[in-house]
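Trainee: As input, take query_28.csv (CSV, C-alpha atoms):
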```
chain,number,residue,atom,x,y,z
A,1,MET,CA,-36.1,-36.1,-59.3
A,2,ARG,CA,-38.4,-34.4,-61.8
A,3,LEU,CA,-40.9,-33.6,-59.0
A,4,LYS,CA,-38.1,-31.8,-57.0
A,5,LYS,CA,-37.3,-29.8,-60.2
A,6,LEU,CA,-40.9,-28.8,-60.5
A,7,LEU,CA,-41.3,-27.9,-56.8
A,8,PHE,CA,-38.2,-25.7,-56.5
A,9,PRO,CA,-39.5,-22.8,-58.7
A,10,VAL,CA,-42.8,-22.9,-56.9
A,11,VAL,CA,-41.3,-22.8,-53.4
A,12,PHE,CA,-38.8,-20.1,-54.6
A,13,ALA,CA,-41.7,-18.0,-55.9
A,14,VAL,CA,-43.7,-18.4,-52.7
A,15,VAL,CA,-40.7,-17.4,-50.5
A,16,CYS,CA,-39.9,-14.4,-52.7
A,17,PHE,CA,-43.6,-13.3,-52.6
A,18,SER,CA,-43.5,-13.6,-48.8
A,19,CYS,CA,-40.3,-11.6,-48.6
A,20,LYS,CA,-41.8,-8.9,-50.8
A,21,LYS,CA,-45.0,-8.8,-48.6
A,22,ASP,CA,-42.8,-8.4,-45.5
A,23,GLU,CA,-40.8,-5.6,-47.1
A,24,GLU,CA,-44.1,-3.9,-48.1
A,25,GLY,CA,-45.4,-4.3,-44.6
A,26,ASP,CA,-42.3,-2.6,-43.2
A,27,LYS,CA,-42.9,0.5,-45.2
A,28,GLY,CA,-44.3,3.6,-43.6
A,29,PRO,CA,-43.4,5.4,-40.4
A,30,LYS,CA,-41.6,3.5,-37.7
A,31,ILE,CA,-43.3,3.3,-34.4
A,32,ARG,CA,-41.1,4.1,-31.5
A,33,PRO,CA,-42.0,1.7,-28.7
A,34,VAL,CA,-42.7,2.4,-25.0
A,35,THR,CA,-39.7,1.2,-22.9
A,36,GLY,CA,-39.1,0.8,-19.2
A,37,SER,CA,-37.8,4.4,-19.1
A,38,SER,CA,-40.5,6.0,-21.1
A,39,SER,CA,-42.6,8.9,-19.7
A,40,ARG,CA,-46.3,9.6,-20.2
A,41,PHE,CA,-45.5,13.3,-20.5
A,42,ILE,CA,-43.8,15.7,-23.0
A,43,ASN,CA,-40.1,15.2,-23.3
A,44,LYS,CA,-39.2,17.9,-25.8
A,45,ILE,CA,-40.4,21.3,-27.1
A,46,PHE,CA,-39.5,21.6,-30.8
A,47,GLU,CA,-40.9,25.0,-31.5
A,48,TYR,CA,-42.6,27.8,-29.6
A,49,SER,CA,-44.0,30.6,-31.9
A,50,PRO,CA,-46.5,32.7,-29.9
A,51,ALA,CA,-48.6,35.4,-31.5
A,52,PRO,CA,-48.8,38.8,-29.8
A,53,GLY,CA,-50.4,38.8,-26.4
A,54,GLN,CA,-50.5,40.2,-22.9
A,55,PHE,CA,-48.4,37.4,-21.5
A,56,ILE,CA,-45.8,37.3,-24.2
A,57,GLY,CA,-42.5,38.3,-22.7
A,58,GLU,CA,-43.7,37.5,-19.2
A,59,SER,CA,-42.9,34.2,-17.4
A,60,THR,CA,-45.6,32.2,-19.2
A,61,GLY,CA,-44.8,33.7,-22.6
A,62,THR,CA,-41.1,32.9,-23.0
A,63,PRO,CA,-39.1,29.9,-24.3
A,64,GLU,CA,-38.4,29.2,-20.6
A,65,GLY,CA,-42.1,29.2,-19.9
A,66,ALA,CA,-42.6,26.8,-22.8
A,67,ASN,CA,-40.0,24.4,-21.5
A,68,SER,CA,-41.7,24.4,-18.1
A,69,ILE,CA,-44.4,22.1,-19.4
A,70,VAL,CA,-41.9,19.3,-20.2
A,71,GLY,CA,-42.2,16.4,-17.8
A,72,THR,CA,-44.6,16.5,-14.9
A,73,ARG,CA,-46.4,19.7,-15.9
A,74,SER,CA,-44.9,22.2,-13.4
A,75,GLY,CA,-45.6,25.2,-15.6
A,76,LEU,CA,-47.9,27.0,-18.0
A,77,VAL,CA,-47.3,28.5,-21.4
A,78,SER,CA,-49.4,31.1,-23.2
A,79,LEU,CA,-49.7,30.9,-27.0
A,80,GLY,CA,-50.8,34.5,-27.5
A,81,ALA,CA,-53.6,35.6,-29.8
A,82,TYR,CA,-54.9,33.7,-32.8
A,83,GLY,CA,-52.5,31.4,-34.5
A,84,GLY,CA,-49.7,31.4,-31.9
A,85,TYR,CA,-48.5,27.8,-31.5
A,86,ILE,CA,-46.3,25.3,-29.7
A,87,VAL,CA,-44.9,22.0,-31.1
A,88,PHE,CA,-43.9,19.2,-28.8
A,89,GLY,CA,-43.1,15.5,-28.7
A,90,PHE,CA,-42.7,12.4,-26.5
A,91,ASP,CA,-40.0,9.8,-26.0
A,92,HIS,CA,-42.1,7.3,-27.9
A,93,SER,CA,-44.9,7.1,-30.5
A,94,ILE,CA,-48.5,7.5,-29.2
A,95,LEU,CA,-50.6,4.7,-30.5
A,96,ASN,CA,-54.0,5.1,-32.0
A,97,GLN,CA,-56.0,2.8,-29.8
A,98,THR,CA,-59.7,2.5,-28.8
A,99,GLY,CA,-61.0,5.8,-27.2
A,100,ALA,CA,-59.0,8.8,-26.1
A,101,ASP,CA,-55.2,8.6,-26.7
A,102,LEU,CA,-53.9,12.1,-25.8
A,103,ALA,CA,-54.4,14.4,-22.9
A,104,ILE,CA,-53.6,18.2,-23.1
A,105,TYR,CA,-53.7,20.1,-19.8
A,106,GLY,CA,-54.9,23.7,-19.6
A,107,ASN,CA,-56.5,26.1,-17.1
A,108,PRO,CA,-60.1,26.7,-18.3
A,109,ILE,CA,-62.7,28.0,-15.8
A,110,PRO,CA,-66.2,26.7,-15.5
A,111,GLU,CA,-69.4,28.6,-15.2
A,112,PRO,CA,-70.5,31.0,-13.8
A,113,LYS,CA,-67.1,32.7,-14.5
A,114,ALA,CA,-66.7,30.7,-17.7
A,115,TRP,CA,-63.4,31.3,-19.4
A,116,SER,CA,-62.1,28.9,-22.0
A,117,GLU,CA,-59.6,29.7,-24.7
A,118,PRO,CA,-60.0,26.9,-27.2
A,119,GLY,CA,-56.8,25.7,-29.0
A,120,VAL,CA,-56.8,23.7,-32.2
A,121,VAL,CA,-54.8,20.4,-32.0
A,122,MET,CA,-52.8,18.9,-34.8
A,123,VAL,CA,-50.7,15.7,-34.9
A,124,SER,CA,-48.0,14.4,-37.1
A,125,GLN,CA,-46.1,11.1,-37.8
A,126,ASP,CA,-42.4,11.0,-38.2
A,127,GLU,CA,-42.8,9.8,-41.8
A,128,ASN,CA,-39.2,10.5,-42.9
A,129,GLY,CA,-37.7,9.1,-39.7
A,130,ASN,CA,-35.5,12.1,-39.0
A,131,GLY,CA,-36.9,12.8,-35.6
A,132,LEU,CA,-38.1,16.2,-36.6
A,133,PRO,CA,-41.7,17.6,-37.0
A,134,ASP,CA,-41.3,18.4,-40.7
A,135,ASP,CA,-43.8,15.9,-42.1
A,136,ASN,CA,-47.6,16.2,-42.9
A,137,TRP,CA,-49.8,17.6,-40.2
A,138,TYR,CA,-53.4,16.5,-39.5
A,139,GLU,CA,-56.0,18.4,-37.6
A,140,LEU,CA,-58.0,16.6,-34.8
A,141,ALA,CA,-61.4,17.7,-35.8
A,142,GLY,CA,-63.4,18.9,-32.8
A,143,SER,CA,-67.1,19.7,-32.4
A,144,ALA,CA,-66.9,23.0,-34.2
A,145,TYR,CA,-65.2,21.7,-37.3
A,146,VAL,CA,-68.5,21.1,-39.1
A,147,SER,CA,-70.0,24.4,-38.0
A,148,PRO,CA,-70.9,26.7,-41.0
A,149,VAL,CA,-69.2,29.6,-39.2
A,150,THR,CA,-65.9,27.9,-38.8
A,151,ILE,CA,-63.4,29.3,-41.3
A,152,ARG,CA,-60.7,27.0,-42.9
A,153,ASN,CA,-57.5,28.2,-44.4
A,154,TYR,CA,-57.7,31.4,-42.4
A,155,LYS,CA,-54.7,33.7,-42.3
A,156,ILE,CA,-53.8,36.6,-40.1
A,157,THR,CA,-50.9,39.0,-40.2
A,158,TYR,CA,-49.7,41.0,-37.2
A,159,TYR,CA,-47.7,44.2,-37.7
A,160,ASN,CA,-44.7,45.1,-35.5
A,161,PRO,CA,-45.6,48.3,-33.5
A,162,LYS,CA,-41.8,48.7,-32.7
A,163,GLY,CA,-42.7,49.7,-29.1
A,164,ILE,CA,-45.3,49.4,-26.3
A,165,SER,CA,-48.4,49.9,-28.4
A,166,ARG,CA,-51.4,48.0,-29.7
A,167,VAL,CA,-50.5,45.3,-32.3
A,168,ALA,CA,-52.5,45.9,-35.5
A,169,TRP,CA,-53.6,43.0,-37.6
A,170,LYS,CA,-55.2,42.2,-41.0
A,171,ASP,CA,-56.7,38.9,-42.0
A,172,SER,CA,-57.4,36.9,-45.1
A,173,LYS,CA,-61.1,38.1,-45.0
A,174,GLY,CA,-60.0,41.8,-45.3
A,175,GLN,CA,-60.9,42.5,-41.7
A,176,THR,CA,-58.6,44.6,-39.5
A,177,GLY,CA,-58.2,45.0,-35.7
A,178,ALA,CA,-55.6,45.0,-33.0
A,179,VAL,CA,-54.4,43.1,-29.9
A,180,GLU,CA,-54.9,45.9,-27.4
A,181,ILE,CA,-52.7,46.8,-24.5
A,182,ASN,CA,-54.3,46.6,-21.1
A,183,ALA,CA,-53.4,48.2,-17.8
A,184,PHE,CA,-52.4,44.9,-16.2
A,185,HIS,CA,-49.7,44.1,-18.7
A,186,ASP,CA,-48.2,47.3,-19.9
A,187,HIS,CA,-45.3,46.2,-22.1
A,188,SER,CA,-44.6,45.1,-25.6
A,189,TYR,CA,-46.9,42.4,-26.7
A,190,TYR,CA,-45.0,41.6,-29.9
A,191,PRO,CA,-42.9,38.3,-29.7
A,192,SER,CA,-39.2,38.9,-29.2
A,193,PHE,CA,-38.3,36.2,-31.7
A,194,ALA,CA,-39.8,38.4,-34.4
A,195,ALA,CA,-38.6,41.7,-33.0
A,196,ASN,CA,-36.6,42.4,-36.2
A,197,GLN,CA,-39.5,41.4,-38.5
A,198,ASP,CA,-42.1,44.0,-39.7
A,199,SER,CA,-44.9,41.4,-39.6
A,200,LEU,CA,-45.8,37.9,-38.5
A,201,THR,CA,-48.3,35.6,-40.2
A,202,PHE,CA,-50.2,32.6,-38.9
A,203,GLU,CA,-52.8,30.4,-40.5
A,204,GLY,CA,-55.1,27.6,-39.7
A,205,THR,CA,-58.7,26.9,-38.8
A,206,LEU,CA,-60.6,29.9,-37.2
A,207,LEU,CA,-63.1,28.9,-34.6
A,208,VAL,CA,-66.3,30.9,-33.8
A,209,PRO,CA,-65.7,33.6,-31.1
A,210,THR,CA,-67.5,32.9,-27.8
A,211,PHE,CA,-66.6,36.1,-25.9
A,212,GLY,CA,-69.4,38.0,-24.1
A,213,GLU,CA,-70.9,39.3,-20.9
A,214,GLN,CA,-73.0,37.2,-18.5
A,215,ASP,CA,-74.5,38.7,-15.3
A,216,GLY,CA,-72.0,41.5,-15.4
A,217,ILE,CA,-69.1,39.2,-15.8
A,218,TYR,CA,-66.9,38.9,-18.9
A,219,VAL,CA,-66.9,35.3,-20.2
A,220,ASN,CA,-65.5,33.2,-23.0
A,221,GLN,CA,-67.7,30.2,-23.4
A,222,ALA,CA,-66.3,26.7,-24.1
A,223,LEU,CA,-66.9,24.7,-27.2
A,224,VAL,CA,-68.5,21.3,-26.8
A,225,TRP,CA,-65.4,19.1,-27.2
A,226,GLY,CA,-62.2,18.5,-29.1
A,227,TYR,CA,-60.1,21.6,-28.1
A,228,ALA,CA,-57.3,22.3,-25.7
A,229,ASP,CA,-57.8,24.7,-22.7
A,230,ASN,CA,-61.5,24.3,-23.2
A,231,TYR,CA,-63.9,23.5,-20.3
A,232,SER,CA,-65.6,20.3,-21.4
A,233,THR,CA,-67.4,18.4,-18.6
A,234,ASP,CA,-66.5,15.1,-20.2
A,235,ASP,CA,-62.8,15.8,-19.8
A,236,THR,CA,-62.0,18.5,-17.3
A,237,LYS,CA,-61.2,17.4,-13.8
A,238,ASP,CA,-61.2,19.5,-10.6
A,239,PRO,CA,-61.6,23.1,-11.7
A,240,TYR,CA,-58.6,25.3,-10.8
A,241,ALA,CA,-56.4,22.2,-10.2
A,242,LYS,CA,-53.3,21.1,-12.2
A,243,ASN,CA,-54.8,17.8,-13.3
A,244,GLN,CA,-57.6,19.2,-15.6
A,245,TYR,CA,-57.2,18.2,-19.2
A,246,ASN,CA,-58.9,17.7,-22.5
A,247,SER,CA,-58.8,14.3,-24.1
A,248,PHE,CA,-58.3,13.6,-27.8
A,249,ASP,CA,-58.8,10.5,-30.0
A,250,LEU,CA,-56.3,10.2,-32.9
A,251,SER,CA,-59.2,8.7,-34.9
A,252,TRP,CA,-60.4,12.3,-35.3
A,253,ALA,CA,-57.5,13.1,-37.7
A,254,ILE,CA,-58.3,14.8,-41.0
A,255,ASP,CA,-56.1,16.1,-43.8
A,256,LYS,CA,-55.9,19.6,-45.2
A,257,ASN,CA,-59.0,18.9,-47.3
A,258,GLY,CA,-61.1,17.7,-44.4
A,259,VAL,CA,-60.8,14.0,-45.4
A,260,PRO,CA,-60.4,11.5,-42.5
A,261,VAL,CA,-57.1,9.7,-42.3
A,262,THR,CA,-56.1,6.6,-40.4
A,263,LEU,CA,-53.0,7.0,-38.2
A,264,LYS,CA,-51.5,4.0,-36.5
A,265,ALA,CA,-49.5,6.3,-34.2
A,266,ILE,CA,-48.3,9.9,-33.9
A,267,ASP,CA,-44.9,11.4,-32.9
A,268,PHE,CA,-45.6,15.2,-32.7
A,269,VAL,CA,-48.3,17.5,-31.5
A,270,LYS,CA,-49.0,21.1,-32.4
A,271,VAL,CA,-51.5,23.3,-30.5
A,272,TYR,CA,-52.5,26.8,-31.6
A,273,THR,CA,-54.9,29.5,-30.4
A,274,GLY,CA,-58.1,28.9,-32.4
A,275,GLN,CA,-60.1,32.1,-31.8
A,276,ASN,CA,-59.5,35.7,-32.9
A,277,SER,CA,-61.2,37.5,-30.1
A,278,VAL,CA,-60.4,41.0,-28.8
A,279,GLY,CA,-61.7,40.1,-25.3
A,280,SER,CA,-61.8,43.2,-23.1
A,281,ASP,CA,-59.7,45.9,-21.5
A,282,ILE,CA,-59.7,43.8,-18.4
A,283,MET,CA,-59.4,40.2,-19.7
A,284,GLY,CA,-57.3,40.9,-22.7
A,285,GLU,CA,-57.2,38.8,-25.9
A,286,VAL,CA,-58.2,35.2,-25.9
A,287,SER,CA,-55.0,33.1,-25.9
A,288,THR,CA,-54.8,29.4,-25.4
A,289,GLU,CA,-52.6,28.3,-22.5
A,290,ILE,CA,-51.1,24.8,-22.1
A,291,GLY,CA,-49.9,23.1,-18.9
A,292,GLY,CA,-48.5,19.9,-20.5
A,293,ALA,CA,-49.7,16.8,-22.2
A,294,ALA,CA,-49.7,13.0,-21.7
A,295,ASP,CA,-50.1,9.7,-23.4
A,296,LEU,CA,-53.4,8.3,-22.1
A,297,ASN,CA,-52.5,4.8,-23.3
A,298,MET,CA,-49.7,4.5,-20.7
A,299,LYS,CA,-51.0,3.6,-17.3
```
Since I need it in another form, could you write the structure as structure tokens?

Mentor:
Amino acid sequence: MRLKKLLFPVVFAVVCFSCKKDEEGDKGPKIRPVTGSSSRFINKIFEYSPAPGQFIGESTGTPEGANSIVGTRSGLVSLGAYGGYIVFGFDHSILNQTGADLAIYGNPIPEPKAWSEPGVVMVSQDENGNGLPDDNWYELAGSAYVSPVTIRNYKITYYNPKGISRVAWKDSKGQTGAVEINAFHDHSYYPSFAANQDSLTFEGTLLVPTFGEQDGIYVNQALVWGYADNYSTDDTKDPYAKNQYNSFDLSWAIDKNGVPVTLKAIDFVKVYTGQNSVGSDIMGEVSTEIGGAADLNMK
């Protein structure tokens, strides 16, 4: 009888400790599992905020154009000049497994007519469980992140021209310039969602410009790896085809201070144009274009 009295507190303490451990293990973002009806592809666009650009207001630069990349990648959307972005999600959480986890489709062109428009990719977990992309964002650090010419915490402000005219800008480095009108897209380049705003500001990581001329052809060279709409030979399949993509490993995630973070899974993806390049009077500004995205862990 005395032994039972002694054992009871010990067993009770062990059970309580085990319950506490279970409760602690349940803390953190909930992972939304893959089900029988889950799709590999984007199921929702949460936000489309393009920067000024030659395609903005045309079919690939409208909310309808953004929604065309939901599902089986039937469309293409332009993000405009530096900073313009899109935020999307899936009907399940994408797990961080061995190797590449996420594919983002684009339309880069290989050499000799090299034309890539690198987009920076960020990811987020639904930490507060409300189903909205309002939690912490983490950049997937690509090959240029460690470059000494990459600029972090860069900001650019575009000024509303209130008509069909070049869109002037000023950045956090004190530099000025403009998104120029070209003969092929003669309309207002300023986004309609900001038509009543005098200016529009974007911020993020600024990638090194790669625009130039090669054998009499305007080109925008690709970065090595880790960016959307970027011709990487490790990722891109069938030039000019709809199944070309760039792959991303969630283990590349870093916080705003550049410190690596470990993510078990992600729920939201943000892509923004990473270069601030004038381009040319023929090619126009460099503007990342997205044709969809997919969970590479789903077969």

Trainee: Counting only C-alpha atoms, select every polymer residue within 10 Å of (-55.3, 15.6, -31.7) as defined in the file's coordinates, and provide the selection as a PyMOL selection string.

Mentor: chain A and resi 100-104+120-124+138-142+226-228+247-254+266+268-271

Trainee: Quick one: everything within 8 Å of A:Tyr159, counting all atoms listed in the file, minus sequence neighbours fewer than 2 positions away in the same chain. Send it as an MDAnalysis selection string.

Mentor: chainID A and resid 157 161 167:169 198:200

Trainee: Choose the residue, out of A:Thr72, A:Thr60, A:Ser49, A:Ser38, that has the smallest atom-to-atom separation from A:Val87; count only C-alpha atoms.

Mentor: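 Nearest to A:Val87: A:Ser49.
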
Trainee: Give me, as a compact mmCIF listing (two decimals) with C-alpha atoms, keeping the file's coordinate frame, all polymer residues having an atom no more than 9 Å from A:Gly284, counting only C-alpha atoms and skipping those fewer than 5 positions away in the same chain.

Mentor:
```txt
# COMPACT_ATOMS: atom_id res chain seq x y z
CA GLY A 53 -50.40 38.80 -26.40
CA GLN A 54 -50.50 40.20 -22.90
CA VAL A 179 -54.40 43.10 -29.90
CA GLU A 180 -54.90 45.90 -27.40
CA ILE A 181 -52.70 46.80 -24.50
CA ASN A 182 -54.30 46.60 -21.10
CA VAL A 278 -60.40 41.00 -28.80
CA GLY A 279 -61.70 40.10 -25.30
```

Trainee: Smallest atom-to-atom distance to A:Ile290: which of A:His187, A:Pro118, A:Val34, A:Pro29, using all atoms listed in the file?

Mentor: A:Pro118

Trainee: Would you please work out which residue, of A:Gly274, A:Gly89, A:Pro260, A:Gly106, is nearest to A:Leu207 when using all atoms listed in the file?

Mentor: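 Closest to A:Leu207 of all the choices is A:Gly274.
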
Trainee: Rounded to one decimal, what separation in Å do you get between atom CA of A:Thr205 and atom CA of A:Gln275?

Mentor: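 Straight-line distance from atom CA of A:Thr205 to atom CA of A:Gln275 works out to 8.8 Å.
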
Trainee: Go ahead and compute the interatomic distance for atom CA of A:Phe46 and atom CA of A:Gly80, in Å to one decimal.

Mentor: 17.5 Å

Trainee: For a test of reading the model, state the distance in Å between atom CA of A:Pro110 and atom CA of A:Glu58, rounded to one decimal.

Mentor: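 These two atoms are separated by 25.2 Å.
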
Trainee: Using only C-alpha atoms, can you tell me which of A:Glu203, A:Asp267, A:Tyr231, A:Ile156 comes closest to A:Asp135?

Mentor: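 The answer is A:Asp267, which sits nearest to A:Asp135.
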
Trainee: Of the candidates A:Thr98, A:Ala195, A:Gly83, A:Gln125, which shows the shortest atom-to-atom distance to A:Val261, using all atoms listed in the file?

Mentor: A:Gln125

Trainee: Give me, as a list of chain:residue names, all polymer residues having an atom no more than 9 Å from A:Leu206, counting all atoms listed in the file and skipping those fewer than 5 positions away in the same chain.

Mentor: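 These residues fall inside the cut-off: A:Tyr82, A:Gly83, A:Val120, A:Val149, A:Thr150, A:Ile151, A:Arg152, A:Asn153, A:Tyr154, A:Lys155, A:Thr273, A:Gly274, A:Gln275, A:Asn276.
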
Trainee: Which residue is closest to A:Gly75? Choose from A:Gly174, A:Tyr105, A:Phe202, A:Ser287 and count all atoms listed in the file.

Mentor: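 Checking each candidate against A:Gly75, we get A:Tyr105 as the closest.
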
Trainee: Output requested as an mmCIF file, keeping the file's coordinate frame - stretch 129-148 of chain A, filled out with N, CA, C and O atoms.

Mentor:
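rebuild05.cif, written as the output of this step:
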```cif
data_model
loop_
_atom_site.group_PDB
_atom_site.id
_atom_site.type_symbol
_atom_site.label_atom_id
_atom_site.label_comp_id
_atom_site.auth_asym_id
_atom_site.auth_seq_id
_atom_site.Cartn_x
_atom_site.Cartn_y
_atom_site.Cartn_z
ATOM 1 N N GLY A 129 -38.593 9.701 -40.718
ATOM 2 C CA GLY A 129 -37.700 9.100 -39.700
ATOM 3 C C GLY A 129 -36.539 9.909 -39.272
ATOM 4 O O GLY A 129 -35.576 9.366 -38.732
ATOM 5 N N ASN A 130 -36.615 11.242 -39.425
ATOM 6 C CA ASN A 130 -35.500 12.100 -39.000
ATOM 7 C C ASN A 130 -35.618 12.659 -37.619
ATOM 8 O O ASN A 130 -34.768 13.435 -37.177
ATOM 9 N N GLY A 131 -36.707 12.323 -36.935
ATOM 10 C CA GLY A 131 -36.900 12.800 -35.600
ATOM 11 C C GLY A 131 -37.330 14.229 -35.441
ATOM 12 O O GLY A 131 -37.337 14.781 -34.338
ATOM 13 N N LEU A 132 -37.727 14.849 -36.564
ATOM 14 C CA LEU A 132 -38.100 16.200 -36.600
ATOM 15 C C LEU A 132 -39.578 16.400 -37.046
ATOM 16 O O LEU A 132 -40.025 15.621 -37.900
ATOM 17 N N PRO A 133 -40.302 17.388 -36.557
ATOM 18 C CA PRO A 133 -41.700 17.600 -37.000
ATOM 19 C C PRO A 133 -41.813 18.329 -38.298
ATOM 20 O O PRO A 133 -42.364 19.428 -38.374
ATOM 21 N N ASP A 134 -41.278 17.724 -39.363
ATOM 22 C CA ASP A 134 -41.300 18.400 -40.700
ATOM 23 C C ASP A 134 -42.071 17.545 -41.703
ATOM 24 O O ASP A 134 -41.816 17.620 -42.898
ATOM 25 N N ASP A 135 -43.023 16.756 -41.214
ATOM 26 C CA ASP A 135 -43.800 15.900 -42.100
ATOM 27 C C ASP A 135 -45.263 16.495 -42.195
ATOM 28 O O ASP A 135 -45.515 17.612 -41.761
ATOM 29 N N ASN A 136 -46.182 15.727 -42.739
ATOM 30 C CA ASN A 136 -47.600 16.200 -42.900
ATOM 31 C C ASN A 136 -48.242 16.345 -41.527
ATOM 32 O O ASN A 136 -48.047 15.539 -40.620
ATOM 33 N N TRP A 137 -49.053 17.387 -41.420
ATOM 34 C CA TRP A 137 -49.800 17.600 -40.200
ATOM 35 C C TRP A 137 -51.294 17.324 -40.459
ATOM 36 O O TRP A 137 -51.801 17.555 -41.555
ATOM 37 N N TYR A 138 -51.964 16.795 -39.426
ATOM 38 C CA TYR A 138 -53.400 16.500 -39.500
ATOM 39 C C TYR A 138 -54.119 17.085 -38.342
ATOM 40 O O TYR A 138 -53.684 16.969 -37.197
ATOM 41 N N GLU A 139 -55.220 17.751 -38.631
ATOM 42 C CA GLU A 139 -56.000 18.400 -37.600
ATOM 43 C C GLU A 139 -56.882 17.310 -36.886
ATOM 44 O O GLU A 139 -57.444 16.431 -37.551
ATOM 45 N N LEU A 140 -56.994 17.389 -35.568
ATOM 46 C CA LEU A 140 -58.000 16.600 -34.800
ATOM 47 C C LEU A 140 -59.255 17.365 -34.813
ATOM 48 O O LEU A 140 -59.365 18.377 -34.113
ATOM 49 N N ALA A 141 -60.222 16.936 -35.608
ATOM 50 C CA ALA A 141 -61.400 17.700 -35.800
ATOM 51 C C ALA A 141 -62.329 17.647 -34.575
ATOM 52 O O ALA A 141 -62.821 16.588 -34.191
ATOM 53 N N GLY A 142 -62.516 18.813 -33.935
ATOM 54 C CA GLY A 142 -63.400 18.900 -32.800
ATOM 55 C C GLY A 142 -64.811 19.212 -33.160
ATOM 56 O O GLY A 142 -65.180 19.196 -34.347
ATOM 57 N N SER A 143 -65.642 19.522 -32.163
ATOM 58 C CA SER A 143 -67.100 19.700 -32.400
ATOM 59 C C SER A 143 -67.416 20.833 -33.331
ATOM 60 O O SER A 143 -68.445 20.806 -34.006
ATOM 61 N N ALA A 144 -66.571 21.859 -33.392
ATOM 62 C CA ALA A 144 -66.900 23.000 -34.200
ATOM 63 C C ALA A 144 -66.416 22.883 -35.659
ATOM 64 O O ALA A 144 -66.687 23.781 -36.479
ATOM 65 N N TYR A 145 -65.749 21.787 -35.989
ATOM 66 C CA TYR A 145 -65.200 21.700 -37.300
ATOM 67 C C TYR A 145 -66.271 21.721 -38.416
ATOM 68 O O TYR A 145 -66.064 22.271 -39.496
ATOM 69 N N VAL A 146 -67.426 21.130 -38.121
ATOM 70 C CA VAL A 146 -68.500 21.100 -39.100
ATOM 71 C C VAL A 146 -69.408 22.295 -39.062
ATOM 72 O O VAL A 146 -70.354 22.404 -39.842
ATOM 73 N N SER A 147 -69.140 23.223 -38.154
ATOM 74 C CA SER A 147 -70.000 24.400 -38.000
ATOM 75 C C SER A 147 -69.848 25.283 -39.284
ATOM 76 O O SER A 147 -68.739 25.485 -39.797
ATOM 77 N N PRO A 148 -70.945 25.835 -39.773
ATOM 78 C CA PRO A 148 -70.900 26.700 -41.000
ATOM 79 C C PRO A 148 -70.133 27.997 -40.738
ATOM 80 O O PRO A 148 -69.741 28.662 -41.699
#
```
